[in-house]
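Here is the structure we will look at, set down as structure tokens.
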Amino acid sequence: MMTVFKIKKYRLARWLVCLLIGGLFFTSCEKEEQATGEDTVQLEVFGPSPALRGSDIRFIGNGMDKVKAVVLADGTEITEIIVVNSGEIKITIPQEAPPGHLVLKYDGGEIRTKTPLTYSEPIAIDKIAPMQVRAGDIFVIEGDYLNLIAQVIFAKGVAVDSVDFKSRSRYKIEVAVPREAQTGLVSVSNGAEVPILVYAEEEVEVVVPTVQSIAPNPVKPGKGLLITGTDFQLVESILFPENIAVGEFTINESYTEIKVDVPQDAKEGPVKLLSYSGLEILSDELGLLAPEIESIAPNPVKNGTKLVIIGENLDLVTSVIFSGDAEGEIVTQSATKLEVNVPLSAKDGELVLSTHSGKTATAAVTLVRPTISSLNPTNLMAGNELTITGTHLDLVRQVIFGGGHVVDDIQATSATSLRVQVPMSAGSGVITLVTANGTEVKSSMSLVVTSPNIPVITKISTSAKPGELIRIEGTKLHLVESVYFQDNVKGTQYGMRNESLIEVYIPQNAVKGKVNLKLVTFDGTEVESPTFTISGVDPVVDPSYVFFDFDSKGSWWGSHGQVENEPNLSISGNYFRVNKQLAGGWDDFFWRNGRDNFKTDGVSVAEWAIKMDVNVLGGTTQALKFRLNGADGDFWAIIPPLANQGGWYTVTIPLTDFRDGDGTGSGRLPNVQNIDQDFGMATNGAAGMLNIAIDNIRFEKIK
């Protein structure tokens with residue numbers, strides 16, 4: 001069976017033309033049924049769209065031969081119309097024609113296309129030149145539709161925007177090669193959000209700087225370095241080894257030389273030139289001049305005097321280190337001479353001169369030693385004065401007598417004579433002089449020491465409470481008639497007593513703290529003991545002035561510690577305990593504020609103190625501090641490290657110790673009546689283990 005279609009003649013022509021002008025691109029014809037009727041001017045289709053600028057576009061319909069002009073989207077009127085027949089016309093699209101709707105004008109009316117005319121613009125690169133360029137050279141791209149290009153892009157994304165083009169037309173673009181350009185493919189972009197990118201087929205070689213030589217090499221830090229090469233106009237910065245940058249350098253007019261000062265802290269290795277394109281160009285290894293020592297004098301040299309060093313490049317020296325890690329003070333300095341004060345702690349050994357660049361020079365140094373020529377007298381009683389003569393005795397800081405008894409803090413009156421009191425416990429034998437740097441010199445002659453009829457204490461208990469027994473060990477203790485703890489505080493109860501031992505009970509009325517006992521012999525001679533501690537707490541004079549007892553007056557907040565009540569530790573109910581490793585910085589314990597249970601009636605800064613009872617259960621504490629914060633300011637008192645005294649004892653903090661500036665400022669606490677903010681305790685910032693119990697923090701009058 002055959003189906004027959006009837007098609008009007010002009011419609012058949014339309015489809016045939018579309019097939020002819022569109023070829024495979026049949027859909028490029030735009031359907032434009034504008035009107036009806038055989039005698040009217042009617043547009044059925046136009047195309048192709050997209051079209052190529054400079055090519056023809058056809059209009060098919062009815063009465064097309066009556067069209068007098070075609071108006072483009074920008075208002076350009078085209079009157080040069082080729083009439084193919086009454087149903088078809090065509091025009092040539094100008095190169096600068098914009099996309100948009102078209103208007104066909106005829107006598108008595110006009111037709112506006114329903115759809116816009118668009119363009120197919122195949123951007124193409126046909127040629128690029130030159131193939132080797134330097135920054136600043138004019139680079140030419142030839143092709144088609146290059147008037148649409150918004151960017152020329154060199155390798156690594158280095159782009160030149162159209163505003164910087166030297167010229168641009170449909171067929172050619174000229175740009176200056178940017179300093180940042182690198183070797184690689186060049187592309188062009190239309191700059192759209194999703195851009196069209198067209199690449200050249202061959203890479204463009206971008207010339208980079210080259211380094212040919214560096215001089216002088218080795219060079220002296222601080223002096224000028226000349227770098228020769230090519231294309232230095234492309235150098236953005238210079239780095240010496242270990243990435244030490246320089247702030248300034250100069251380039252000659254032919255771009256073949258760079259002059260730069262070598263940094264004082266420069267290290268040996270290649271110098272690195274960084275180009276604007278991000279490339280690194282390395283020089284040969286750069287060597288550095290080092291200090292050279294030709295002589296040192298005097299040698300041997302005496303501690304505390306000047307040492308003169310002669311040599312080369314000594315103006316580079318930044319430190320002079322003697323053996324014993326003792327740094328000498330540079331007094332005068334030039335390129336050829338150094339004068340250095342020799343530290344008292346310097347020892348025999350190697351002297352090291354160091355520079356910022358890490359270069360060193362060394363020399364062997366010998367230190368002068370004291371000599372002993374005589375001891376006078378050589379036979380004497382303990383407690384008497386001994387005169388030592390010799391040389392360089394002003395270096396001596398200790399004298400060690402027989403039995404290992406040491407006299408410290410020796411200060412000789414001259415370099416040739418030294419007087420020292422023989423310890424009461426000293427024995428016979430040679431003596432040893434010890435200098436500030438630890439050197440020991442023994443006498444060739446022996447000293448005969450006779451013990452006098454005076455008691456000598458060799459050992460005493462370090463800490464005890466009132467009512468407890470202490471032991472005093474020594475010699476000739478049988479000569480002791482009485483033991484005094486403080487003025488008018490006399491020991492009345494004893495344990496064992498013999499020539500080498502006294503056991504005595506501490507009176508209950510002995511004042512607590514560090515004390516020196518006084519032994520009084522039967523003939524009235526007085527002997528003072530080494531320091532020891534009477535431990536125990538002071539009584540609470542007025543409980544109403546206690547503001548932390550950790551019973552009814554406790555802490556409202558704090559980061560470390562807790563309230564405890566161990567019967568074997570407690571002195572009056574609850575106490576506060578910190579027992580942990582602290583990290584350092586802000587480590588706080590207990591706090592309250594708002595004047596809660598904070599009685600200050602009659603308390604004056606000049607006459608009162610804060611007292612607290614402490615029991616250090618571990619090693620000596622780090623420094624602590626107490627805070628009083630109020631309307632007059634924020635005040636702290638720094639509490640020195642607290643020792644373990646074997647039990648509870650009372651710490652007194654005079655209110656005059658409170659300062660602003662975290663306890664180190666110049667502002668003093670004016671009064672306690674205005675302390676209306678937080679008050680409490682923390683460390684002074686040091687890390688470490690802290691094991692301490694605290695109780696009964698109170699105001700108490702001390703004057």
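By order of appearance in the structure tokens: chains A, B, ..., then residues from 1 within every chain, and ligands from 1 in the order shown.
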
- Out of range 260-502 of chain A, which residues get strand (DSSP E) from DSSP, as a VMD selection string? chain A and resid 260 to 261 269 to 275 280 to 286 292 to 297 306 to 312 317 to 323 326 to 333 337 to 341 347 to 355 360 to 365 371 to 376 379 to 381 385 to 391 396 to 402 405 to 407 417 to 421 427 to 435 440 to 442 448 to 450 456 to 460 463 to 464 469 to 475 480 to 486 489 to 490 494 to 497 501 to 502

- Message: Report as a ChimeraX atom specification all protein, DNA and RNA residues lying within 6 Å of range 512-516 of chain A, evaluated on only C-alpha atoms, omitting residues in the same chain fewer than 2 positions from it.
- Response: /A:529-535

Can you write just those residues out, N, CA and C atoms, as a PDB file, in the first residue's frame?
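Result file selection.pdb:
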```pdb
ATOM      1  N   SER A 529      76.939  26.335 116.823  1.00  0.00           N
ATOM      2  CA  SER A 529      76.700  25.141 116.002  1.00  0.00           C
ATOM      3  C   SER A 529      76.336  25.524 114.578  1.00  0.00           C
ATOM      4  N   PRO A 530      76.414  24.568 113.664  1.00  0.00           N
ATOM      5  CA  PRO A 530      75.823  24.795 112.339  1.00  0.00           C
ATOM      6  C   PRO A 530      74.314  25.006 112.472  1.00  0.00           C
ATOM      7  N   THR A 531      73.694  25.549 111.456  1.00  0.00           N
ATOM      8  CA  THR A 531      72.250  25.832 111.485  1.00  0.00           C
ATOM      9  C   THR A 531      71.448  24.541 111.463  1.00  0.00           C
ATOM     10  N   PHE A 532      70.410  24.492 112.311  1.00  0.00           N
ATOM     11  CA  PHE A 532      69.437  23.417 112.207  1.00  0.00           C
ATOM     12  C   PHE A 532      68.055  24.024 112.454  1.00  0.00           C
ATOM     13  N   THR A 533      66.982  23.236 112.252  1.00  0.00           N
ATOM     14  CA  THR A 533      65.620  23.763 112.258  1.00  0.00           C
ATOM     15  C   THR A 533      64.834  23.206 113.430  1.00  0.00           C
ATOM     16  N   ILE A 534      64.185  24.124 114.156  1.00  0.00           N
ATOM     17  CA  ILE A 534      63.199  23.730 115.161  1.00  0.00           C
ATOM     18  C   ILE A 534      61.846  23.790 114.477  1.00  0.00           C
ATOM     19  N   SER A 535      61.257  22.637 114.270  1.00  0.00           N
ATOM     20  CA  SER A 535      59.998  22.573 113.532  1.00  0.00           C
ATOM     21  C   SER A 535      58.820  22.632 114.486  1.00  0.00           C
TER      22      SER A 535
END
```

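For Pro640 in chain A, the non-local neighbours within 12 Å, defined as residues at least 2 positions apart in the same chain or in other chains and counting only C-alpha atoms, are Thr620, Thr621, Gln622, Ala623, Leu624, Lys625, Phe626, Ala637, Ile638, Leu642, Ala643, Val651, Thr652, Ile653, Asp657, Thr683, Asn684 and Ala686 of chain A.
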
Write the residues of the selection above to a file with C-alpha atoms, as a PDB file, in the first residue's frame.
```
ATOM      1  CA  THR A 620      61.733  20.887  98.652  1.00  0.00           C
ATOM      2  CA  THR A 621      58.872  22.617  96.840  1.00  0.00           C
ATOM      3  CA  GLN A 622      59.056  25.002  93.920  1.00  0.00           C
ATOM      4  CA  ALA A 623      58.373  28.671  94.698  1.00  0.00           C
ATOM      5  CA  LEU A 624      54.726  29.325  95.541  1.00  0.00           C
ATOM      6  CA  LYS A 625      52.716  32.542  95.681  1.00  0.00           C
ATOM      7  CA  PHE A 626      49.664  33.943  97.448  1.00  0.00           C
ATOM      8  CA  ALA A 637      53.538  37.534  97.485  1.00  0.00           C
ATOM      9  CA  ILE A 638      56.132  35.078  96.180  1.00  0.00           C
ATOM     10  CA  LEU A 642      59.694  25.281 101.287  1.00  0.00           C
ATOM     11  CA  ALA A 643      61.871  22.526 102.752  1.00  0.00           C
ATOM     12  CA  VAL A 651      55.283  29.920 107.283  1.00  0.00           C
ATOM     13  CA  THR A 652      55.008  33.682 107.789  1.00  0.00           C
ATOM     14  CA  ILE A 653      54.310  36.011 104.832  1.00  0.00           C
ATOM     15  CA  ASP A 657      55.773  41.338 100.730  1.00  0.00           C
ATOM     16  CA  THR A 683      52.715  28.024  92.235  1.00  0.00           C
ATOM     17  CA  ASN A 684      55.028  30.674  90.829  1.00  0.00           C
ATOM     18  CA  ALA A 686      57.710  26.166  87.833  1.00  0.00           C
TER      19      ALA A 686
END
```

- When DSSP works through the backbone of this structure, what residues of range 377-556 of chain A end up as helix (DSSP H, G or I), shown as a PyMOL selection string? chain A and resi 393-395+477-479+543-545

Residues from the last selection, N, CA and C atoms, saved as a short mmCIF file (atom, residue, chain, number, x, y, z; two decimals), in the first residue's frame:
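Result written to selection12.cif:
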```
data_model
loop_
_atom_site.label_atom_id
_atom_site.label_comp_id
_atom_site.auth_asym_id
_atom_site.auth_seq_id
_atom_site.Cartn_x
_atom_site.Cartn_y
_atom_site.Cartn_z
N LEU A 393 98.26 33.41 94.35
CA LEU A 393 97.34 32.95 95.39
C LEU A 393 96.00 33.66 95.32
N ASP A 394 95.90 34.75 94.55
CA ASP A 394 94.61 35.43 94.38
C ASP A 394 93.62 34.60 93.56
N LEU A 395 94.10 33.48 92.97
CA LEU A 395 93.20 32.58 92.25
C LEU A 395 92.51 31.58 93.17
N LEU A 477 83.34 17.47 123.76
CA LEU A 477 82.02 17.94 124.18
C LEU A 477 81.82 17.80 125.69
N HIS A 478 82.73 17.08 126.37
CA HIS A 478 82.62 16.96 127.83
C HIS A 478 82.95 18.28 128.51
N LEU A 479 83.52 19.23 127.74
CA LEU A 479 83.83 20.54 128.32
C LEU A 479 82.62 21.47 128.34
N PRO A 543 41.30 32.62 116.32
CA PRO A 543 40.69 31.81 115.26
C PRO A 543 39.77 32.60 114.32
N SER A 544 39.26 33.74 114.75
CA SER A 544 38.35 34.50 113.89
C SER A 544 39.06 35.10 112.69
N TYR A 545 40.40 35.21 112.76
CA TYR A 545 41.17 35.74 111.63
C TYR A 545 41.63 34.64 110.67
#
```

- Task: Give me the residues within 9 Å of range 568-571 of chain A as a PyMOL selection string, counting only C-alpha atoms and dropping any in the same chain fewer than 3 places off.
- Result: chain A and resi 564-565+574-575+615+647-648+693+695

- Query: Which residues come within 10 Å of Ile675 in chain A, counting only C-alpha atoms, excluding same-chain residues fewer than 5 positions away, as a list in words?
  - Reply: Asn593, Gly594, Arg595, Phe598, Thr600, Arg627, Leu628, Asn629, Gly630, Ala631, Asp632, Gly633, Asp634, Phe635 and Leu669 of chain A

Written file, previous selection with C-alpha atoms, as an mmCIF file, in the first residue's frame:
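Resulting contents of part14.cif:
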```
data_model
loop_
_atom_site.group_PDB
_atom_site.id
_atom_site.type_symbol
_atom_site.label_atom_id
_atom_site.label_comp_id
_atom_site.auth_asym_id
_atom_site.auth_seq_id
_atom_site.Cartn_x
_atom_site.Cartn_y
_atom_site.Cartn_z
ATOM 1 C CA ASN A 593 36.176 35.677 96.805
ATOM 2 C CA GLY A 594 33.662 38.323 97.804
ATOM 3 C CA ARG A 595 35.217 38.784 101.294
ATOM 4 C CA PHE A 598 37.608 37.233 105.434
ATOM 5 C CA THR A 600 40.298 42.249 108.339
ATOM 6 C CA ARG A 627 47.153 36.322 95.858
ATOM 7 C CA LEU A 628 45.101 39.179 97.324
ATOM 8 C CA ASN A 629 42.963 40.792 94.618
ATOM 9 C CA GLY A 630 40.653 43.737 95.128
ATOM 10 C CA ALA A 631 39.635 47.293 94.383
ATOM 11 C CA ASP A 632 43.181 48.614 94.853
ATOM 12 C CA GLY A 633 44.707 46.117 92.407
ATOM 13 C CA ASP A 634 45.972 42.562 92.048
ATOM 14 C CA PHE A 635 48.767 41.772 94.542
ATOM 15 C CA LEU A 669 49.538 46.337 98.810
#
```

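Here CA of Asp315 in chain A and CA of Lys347 in chain A stand 24.7 Å from one another.
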
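In this comparison, which uses only C-alpha atoms, the residue of A:Pro654, A:Asp265, A:Val399, A:Val211 approaching Ser443 in chain A most closely is A:Val399.
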
- Task: Could you give me, as a count of residues only, the residues within 6 Å of range 204-208 of chain A, counting only C-alpha atoms and dropping anything in the same chain fewer than 3 positions from it?
- Result: 7
